[in-house]
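Colleague: Following this line is data-v7.pdb, made up of PDB, C-alpha atoms:
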```
MODEL        1
ATOM      1  CA  MET I   1      29.648 -12.136 -55.122
ATOM      2  CA  PRO I   2      28.187 -15.480 -56.176
ATOM      3  CA  TRP I   3      25.977 -17.662 -54.013
ATOM      4  CA  VAL I   4      27.919 -20.497 -52.343
ATOM      5  CA  GLU I   5      26.327 -23.730 -51.131
ATOM      6  CA  ARG I   6      27.230 -24.522 -47.501
ATOM      7  CA  PRO I   7      26.332 -27.312 -45.104
ATOM      8  CA  ILE I   8      25.003 -26.389 -41.651
ATOM      9  CA  THR I   9      25.299 -28.562 -38.570
ATOM     10  CA  PRO I  10      22.991 -27.331 -35.789
ATOM     11  CA  ARG I  11      24.533 -26.932 -32.327
ATOM     12  CA  PHE I  12      21.656 -28.960 -30.892
ATOM     13  CA  PRO I  13      20.714 -31.726 -33.335
ATOM     14  CA  PRO I  14      17.034 -32.680 -33.446
ATOM     15  CA  PHE I  15      15.747 -35.837 -31.763
ATOM     16  CA  HIS I  16      14.578 -38.670 -33.998
ATOM     17  CA  PRO I  17      11.722 -40.508 -32.230
ATOM     18  CA  GLU I  18      12.042 -43.718 -34.286
ATOM     19  CA  ARG I  19      15.799 -44.057 -33.852
ATOM     20  CA  GLY I  20      15.758 -42.937 -30.229
ATOM     21  CA  GLY I  21      18.524 -40.366 -30.533
ATOM     22  CA  THR I  22      19.678 -37.202 -32.197
ATOM     23  CA  TYR I  23      20.743 -37.013 -35.822
ATOM     24  CA  ASP I  24      22.337 -34.615 -38.273
ATOM     25  CA  PRO I  25      19.502 -33.290 -40.468
ATOM     26  CA  GLY I  26      21.913 -32.563 -43.343
ATOM     27  CA  LEU I  27      20.933 -28.915 -43.742
ATOM     28  CA  ARG I  28      22.326 -27.084 -46.742
ATOM     29  CA  VAL I  29      21.893 -23.405 -47.534
ATOM     30  CA  GLU I  30      23.358 -20.889 -49.943
ATOM     31  CA  THR I  31      25.212 -17.799 -48.742
ATOM     32  CA  GLU I  32      26.277 -14.638 -50.515
ATOM     33  CA  LYS I  33      28.836 -12.353 -48.904
ATOM     34  CA  PHE I  34      28.447  -8.585 -48.841
ATOM     35  CA  VAL I  35      30.487  -5.826 -47.216
ATOM     36  CA  ASP I  36      28.493  -2.733 -48.093
ATOM     37  CA  SER I  37      26.287  -1.245 -45.390
ATOM     38  CA  LEU I  38      23.999   0.161 -48.097
ATOM     39  CA  GLU I  39      23.155  -3.411 -49.132
ATOM     40  CA  LEU I  40      22.294  -4.135 -45.509
ATOM     41  CA  LEU I  41      20.107  -1.036 -45.185
ATOM     42  CA  THR I  42      18.043  -1.994 -48.224
ATOM     43  CA  SER I  43      17.537  -5.608 -47.151
ATOM     44  CA  PRO I  44      13.904  -6.412 -46.260
ATOM     45  CA  ILE I  45      15.153  -8.716 -43.491
ATOM     46  CA  TRP I  46      17.080  -5.865 -41.868
ATOM     47  CA  GLN I  47      14.094  -3.560 -42.155
ATOM     48  CA  LEU I  48      11.696  -6.073 -40.533
ATOM     49  CA  ALA I  49      14.060  -7.422 -37.861
ATOM     50  CA  PRO I  50      13.119  -6.660 -34.227
ATOM     51  CA  LEU I  51      16.323  -4.698 -33.535
ATOM     52  CA  THR I  52      16.485  -1.921 -30.982
ATOM     53  CA  LYS I  53      17.393   1.577 -32.121
ATOM     54  CA  ARG I  54      20.779   1.284 -30.389
ATOM     55  CA  GLY I  55      21.360  -2.086 -32.002
ATOM     56  CA  ARG I  56      20.798  -0.697 -35.486
ATOM     57  CA  GLU I  57      23.037   2.265 -34.746
ATOM     58  CA  ALA I  58      25.813   0.061 -33.364
ATOM     59  CA  VAL I  59      25.933  -2.005 -36.539
ATOM     60  CA  LEU I  60      25.630   0.770 -39.109
ATOM     61  CA  ARG I  61      26.515   4.194 -37.768
ATOM     62  CA  PRO I  62      29.945   5.327 -36.693
ATOM     63  CA  ALA I  63      30.296   6.140 -33.013
ATOM     64  CA  GLY I  64      31.409   9.747 -33.297
ATOM     65  CA  ASP I  65      33.942  10.869 -35.856
ATOM     66  CA  THR I  66      36.774   8.533 -34.899
ATOM     67  CA  LEU I  67      35.239   5.049 -35.282
ATOM     68  CA  ARG I  68      33.639   3.482 -38.317
ATOM     69  CA  ALA I  69      30.492   1.359 -38.244
ATOM     70  CA  ALA I  70      30.756  -2.030 -36.542
ATOM     71  CA  LEU I  71      29.760  -4.012 -39.651
ATOM     72  CA  VAL I  72      32.824  -5.795 -41.070
ATOM     73  CA  ALA I  73      31.141  -8.327 -43.351
ATOM     74  CA  GLY I  74      27.785  -9.983 -43.850
ATOM     75  CA  TRP I  75      26.166 -12.926 -45.578
ATOM     76  CA  ARG I  76      22.703 -13.310 -47.003
ATOM     77  CA  VAL I  77      21.364 -16.815 -46.376
ATOM     78  CA  ARG I  78      18.726 -18.565 -48.476
ATOM     79  CA  GLN I  79      17.340 -22.081 -48.720
ATOM     80  CA  LEU I  80      18.487 -24.162 -51.689
ATOM     81  CA  GLY I  81      16.353 -23.441 -54.714
ATOM     82  CA  GLU I  82      14.840 -20.268 -53.245
ATOM     83  CA  ALA I  83      15.305 -16.835 -54.793
ATOM     84  CA  ASP I  84      15.040 -14.685 -51.668
ATOM     85  CA  PRO I  85      17.211 -14.838 -48.553
ATOM     86  CA  PHE I  86      15.553 -15.552 -45.195
ATOM     87  CA  ALA I  87      18.390 -14.548 -42.847
ATOM     88  CA  LEU I  88      21.478 -12.403 -42.498
ATOM     89  CA  VAL I  89      24.694 -13.276 -40.688
ATOM     90  CA  LEU I  90      26.686 -10.186 -39.719
ATOM     91  CA  ARG I  91      30.277 -10.016 -38.482
ATOM     92  CA  LEU I  92      30.920  -7.053 -36.192
ATOM     93  CA  LYS I  93      33.945  -5.297 -34.756
ATOM     94  CA  ASP I  94      34.011  -2.709 -31.967
ATOM     95  CA  HIS I  95      30.240  -2.503 -31.572
ATOM     96  CA  LEU I  96      30.429  -0.660 -28.211
ATOM     97  CA  MET I  97      27.186  -2.233 -26.930
ATOM     98  CA  HIS I  98      28.716  -4.047 -23.915
ATOM     99  CA  GLY I  99      25.571  -5.686 -22.583
ATOM    100  CA  ARG I 100      22.961  -3.331 -24.022
ATOM    101  CA  LEU I 101      19.954  -4.836 -25.776
ATOM    102  CA  VAL I 102      20.236  -5.408 -29.504
ATOM    103  CA  SER I 103      16.750  -6.958 -29.591
ATOM    104  CA  ALA I 104      13.867  -6.619 -27.153
ATOM    105  CA  SER I 105      11.373  -8.970 -28.783
ATOM    106  CA  PRO I 106      10.487 -11.804 -28.996
ATOM    107  CA  GLU I 107      13.264 -12.188 -26.415
ATOM    108  CA  ARG I 108      15.647  -9.775 -24.767
ATOM    109  CA  MET I 109      19.014 -10.263 -26.471
ATOM    110  CA  PRO I 110      21.992  -8.273 -25.165
ATOM    111  CA  LEU I 111      25.083  -7.813 -27.318
ATOM    112  CA  GLU I 112      28.014  -8.623 -25.060
ATOM    113  CA  PHE I 113      31.660  -7.643 -25.531
ATOM    114  CA  MET I 114      32.682 -11.012 -27.065
ATOM    115  CA  ASP I 115      29.638 -11.276 -29.349
ATOM    116  CA  ARG I 116      31.064 -10.585 -32.792
ATOM    117  CA  CYS I 117      28.311 -12.032 -34.996
ATOM    118  CA  LEU I 118      24.590 -11.447 -35.292
ATOM    119  CA  VAL I 119      22.066 -13.785 -36.869
ATOM    120  CA  VAL I 120      19.161 -11.692 -38.078
ATOM    121  CA  THR I 121      15.843 -12.981 -39.387
ATOM    122  CA  ALA I 122      12.642 -11.041 -39.926
ATOM    123  CA  THR I 123      11.358 -12.231 -36.534
ATOM    124  CA  GLN I 124      14.434 -12.882 -34.388
ATOM    125  CA  VAL I 125      17.931 -11.599 -33.585
ATOM    126  CA  ILE I 126      20.608 -13.834 -32.064
ATOM    127  CA  ALA I 127      23.934 -12.568 -30.720
ATOM    128  CA  VAL I 128      26.741 -15.068 -31.347
ATOM    129  CA  HIS I 129      29.874 -15.390 -29.237
ATOM    130  CA  GLY I 130      32.983 -15.101 -31.427
ATOM    131  CA  SER I 131      33.556 -14.023 -35.007
ATOM    132  CA  ASP I 132      33.226 -17.329 -36.885
ATOM    133  CA  GLU I 133      30.334 -17.199 -39.352
ATOM    134  CA  THR I 134      30.219 -21.024 -39.384
ATOM    135  CA  TRP I 135      29.294 -20.953 -35.680
ATOM    136  CA  ALA I 136      26.652 -18.325 -36.410
ATOM    137  CA  LEU I 137      25.258 -20.511 -39.195
ATOM    138  CA  SER I 138      25.074 -23.395 -36.685
ATOM    139  CA  GLN I 139      22.865 -21.258 -34.482
ATOM    140  CA  LEU I 140      20.761 -20.430 -37.522
ATOM    141  CA  GLY I 141      20.527 -24.200 -38.097
ATOM    142  CA  ASP I 142      19.034 -24.512 -34.600
ATOM    143  CA  VAL I 143      16.374 -21.993 -35.593
ATOM    144  CA  ILE I 144      15.628 -23.880 -38.826
ATOM    145  CA  VAL I 145      15.177 -27.303 -37.175
ATOM    146  CA  GLY I 146      13.458 -25.897 -34.070
ATOM    147  CA  THR I 147      16.112 -26.723 -31.475
ATOM    148  CA  TYR I 148      17.155 -23.152 -30.669
ATOM    149  CA  PRO I 149      16.890 -22.984 -26.871
ATOM    150  CA  ALA I 150      13.977 -20.797 -25.861
ATOM    151  CA  PRO I 151      14.785 -18.258 -23.167
ATOM    152  CA  ARG I 152      13.772 -19.226 -19.670
ATOM    153  CA  ARG I 153      10.889 -17.227 -18.349
ATOM    154  CA  ARG I 154      10.060 -16.866 -14.719
ATOM    155  CA  ALA I 155       6.506 -17.564 -13.714
ATOM    156  CA  ARG I 156       4.851 -14.467 -12.378
ATOM    157  CA  PRO I 157       3.317 -14.803  -8.929
ATOM    158  CA  LEU I 158      -0.459 -14.908  -9.030
ATOM    159  CA  PRO I 159      -2.389 -12.167  -7.326
ATOM    160  CA  GLU I 160      -3.792 -13.359  -4.013
ATOM    161  CA  GLY I 161      -7.417 -13.380  -5.141
ATOM    162  CA  ASP I 162      -6.595 -15.378  -8.272
ATOM    163  CA  ALA I 163      -4.591 -17.957  -6.334
ATOM    164  CA  GLU I 164      -7.533 -18.484  -3.990
ATOM    165  CA  ALA I 165      -9.973 -18.810  -6.904
ATOM    166  CA  LEU I 166      -7.736 -21.390  -8.605
ATOM    167  CA  SER I 167      -7.426 -23.434  -5.426
ATOM    168  CA  TRP I 168     -11.148 -24.284  -5.676
ATOM    169  CA  LEU I 169     -10.618 -26.006  -9.034
TER     170      LEU I 169
ENDMDL
END
```
Can you present the structure in this file as structure tokens?

Modeller:
Amino acid sequence: MPWVERPITPRFPPFHPERGGTYDPGLRVETEKFVDSLELLTSPIWQLAPLTKRGREAVLRPAGDTLRAALVAGWRVRQLGEADPFALVLRLKDHLMHGRLVSASPERMPLEFMDRCLVVTATQVIAVHGSDETWALSQLGDVIVGTYPAPRRRARPLPEGDAEALSWL
């Protein structure tokens, strides 16, 4: 399939300090659709992605003899003018994960029942609610412009001796 140029509008537009508000950065990428799981297996992005073993199996391997793999379609995504893709957008069906982790690093990302798309980069995996690849590309746009919401992390309680030592500062 040929590469197709597509605009991306991030879900959370970046803030422009001079204008005092958010703006559309006018992102444009090229996508190429694929449907073959062999193409996915040989992709360097797929091989480097921080997917869990169950996550990889859910996308590629049939669950028993009665169900096929969850991968329905996928898109390679590259920046305009670049030769190599930097991300994959995958559409899934019947992944059977139901809240299990698809990625454990850099953040814990469960694949819920209604998550039908995955955005996969070499360093991050994002589960996307619904099966619209345009919505998944919007979340990829958040990653590109740096507005993807970081997961909230709870502060760990300090050990008692450390808390006392810090109180003297």

Colleague: Might you spell out which residues the PyMOL selection byres ((chain I and resi 120-137) around 6) would select in the displayed file, as a PDB file with C-alpha atoms, in the frame of the given file?

Modeller:
```
ATOM      1  CA  ILE I  45      15.153  -8.716 -43.491  1.00  0.00           C
ATOM      2  CA  LEU I  48      11.696  -6.073 -40.533  1.00  0.00           C
ATOM      3  CA  ALA I  49      14.060  -7.422 -37.861  1.00  0.00           C
ATOM      4  CA  ALA I  87      18.390 -14.548 -42.847  1.00  0.00           C
ATOM      5  CA  LEU I  88      21.478 -12.403 -42.498  1.00  0.00           C
ATOM      6  CA  LEU I 111      25.083  -7.813 -27.318  1.00  0.00           C
ATOM      7  CA  MET I 114      32.682 -11.012 -27.065  1.00  0.00           C
ATOM      8  CA  ASP I 115      29.638 -11.276 -29.349  1.00  0.00           C
ATOM      9  CA  ARG I 116      31.064 -10.585 -32.792  1.00  0.00           C
ATOM     10  CA  CYS I 117      28.311 -12.032 -34.996  1.00  0.00           C
ATOM     11  CA  LEU I 118      24.590 -11.447 -35.292  1.00  0.00           C
ATOM     12  CA  VAL I 119      22.066 -13.785 -36.869  1.00  0.00           C
ATOM     13  CA  SER I 138      25.074 -23.395 -36.685  1.00  0.00           C
ATOM     14  CA  GLN I 139      22.865 -21.258 -34.482  1.00  0.00           C
ATOM     15  CA  LEU I 140      20.761 -20.430 -37.522  1.00  0.00           C
TER      16      LEU I 140
END
```

Colleague: So the first atom is CA of Ala70 in chain I and the second is CA of Trp46 in chain I; what is the distance between them in Å, to one decimal place?

Modeller: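 Between these atoms lies a distance of 15.2 Å.
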
Colleague: Please report the interatomic distance between CA of Asp36 in chain I and CA of Gly55 in chain I in Å with one decimal.

Modeller: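 Computed distance, CA of Asp36 in chain I to CA of Gly55 in chain I, equals 17.6 Å.
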
Colleague: Rank nothing, just name the residue among I:Met109, I:Thr31, I:Asp162, I:Val102 nearest to Val89 in chain I, using all atoms listed in the file.

Modeller: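 The closest residue to Val89 in chain I is I:Thr31.
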
Colleague: One decimal, in Å: what's the spacing between CA of Pro110 in chain I and CA of Lys93 in chain I?

Modeller: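 About the pair CA of Pro110 in chain I and CA of Lys93 in chain I: they are 15.6 Å apart.
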
Colleague: I need the residue nearest Gly99 in chain I from this list: I:Ile8, I:Pro44, I:Arg54, I:Gln79. Use only C-alpha atoms for the distance.

Modeller: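 Checking each of I:Ile8, I:Pro44, I:Arg54, I:Gln79 against Gly99 in chain I, counting only C-alpha atoms, the winner is I:Arg54.
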
Colleague: Would you mind telling me which residue in I:Gly161, I:Val145, I:Val77, I:His98 lies nearest to Ser43 in chain I when using all atoms listed in the file?

Modeller: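 Result for the nearest residue to Ser43 in chain I: I:Val77.
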
Colleague: Write out as a PDB file with C-alpha atoms, in the coordinates of the input each polymer residue whose atoms come within 9 Å of Tyr148 in chain I, counting all atoms listed in the file; drop sequence neighbours fewer than 4 positions from it.

Modeller:
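selection19.pdb was written with the following content:
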```pdb
ATOM      1  CA  PRO I  10      22.991 -27.331 -35.789  1.00  0.00           C
ATOM      2  CA  ARG I  11      24.533 -26.932 -32.327  1.00  0.00           C
ATOM      3  CA  PHE I  12      21.656 -28.960 -30.892  1.00  0.00           C
ATOM      4  CA  GLN I 139      22.865 -21.258 -34.482  1.00  0.00           C
ATOM      5  CA  LEU I 140      20.761 -20.430 -37.522  1.00  0.00           C
ATOM      6  CA  GLY I 141      20.527 -24.200 -38.097  1.00  0.00           C
ATOM      7  CA  ASP I 142      19.034 -24.512 -34.600  1.00  0.00           C
ATOM      8  CA  VAL I 143      16.374 -21.993 -35.593  1.00  0.00           C
ATOM      9  CA  ILE I 144      15.628 -23.880 -38.826  1.00  0.00           C
TER      10      ILE I 144
END
```

Colleague: With distances taken over only C-alpha atoms, which residue among I:Leu80, I:Thr22, I:Leu41, I:Leu96 lies nearest Pro7 in chain I?

Modeller: I:Leu80

Colleague: Place a sphere of radius 10 Å on (18.8, -21.1, -53.7) in the file coordinates and name every protein, DNA or RNA residue with an atom inside or on its surface, counting only C-alpha atoms; give the answer as a ChimeraX atom specification.

Modeller: /I:3-5,28-31,77-85

Colleague: Each side padded by 5 Å, which centre and which edge lengths in Å (one decimal) define the axis-aligned box around the listed atoms of range 78-91 of chain I? Give them as JSON.

Modeller:
```
{"center_x": 22.6, "center_y": -17.1, "center_z": -46.6, "size_x": 25.4, "size_y": 24.1, "size_z": 26.3}
```

Colleague: Please determine, counting all atoms listed in the file, which residue among I:Arg6, I:Lys33, I:His16, I:Arg100 has the shortest atom-to-atom distance to Val72 in chain I.

Modeller: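 Checking each of I:Arg6, I:Lys33, I:His16, I:Arg100 against Val72 in chain I, counting all atoms listed in the file, the winner is I:Lys33.
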
Colleague: Considering only C-alpha atoms, state which residue in the set I:Pro149, I:Glu39, I:Arg156, I:Ser167 is at the smallest distance from Pro14 in chain I.

Modeller: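 Under the stated criterion, the closest residue is I:Pro149.
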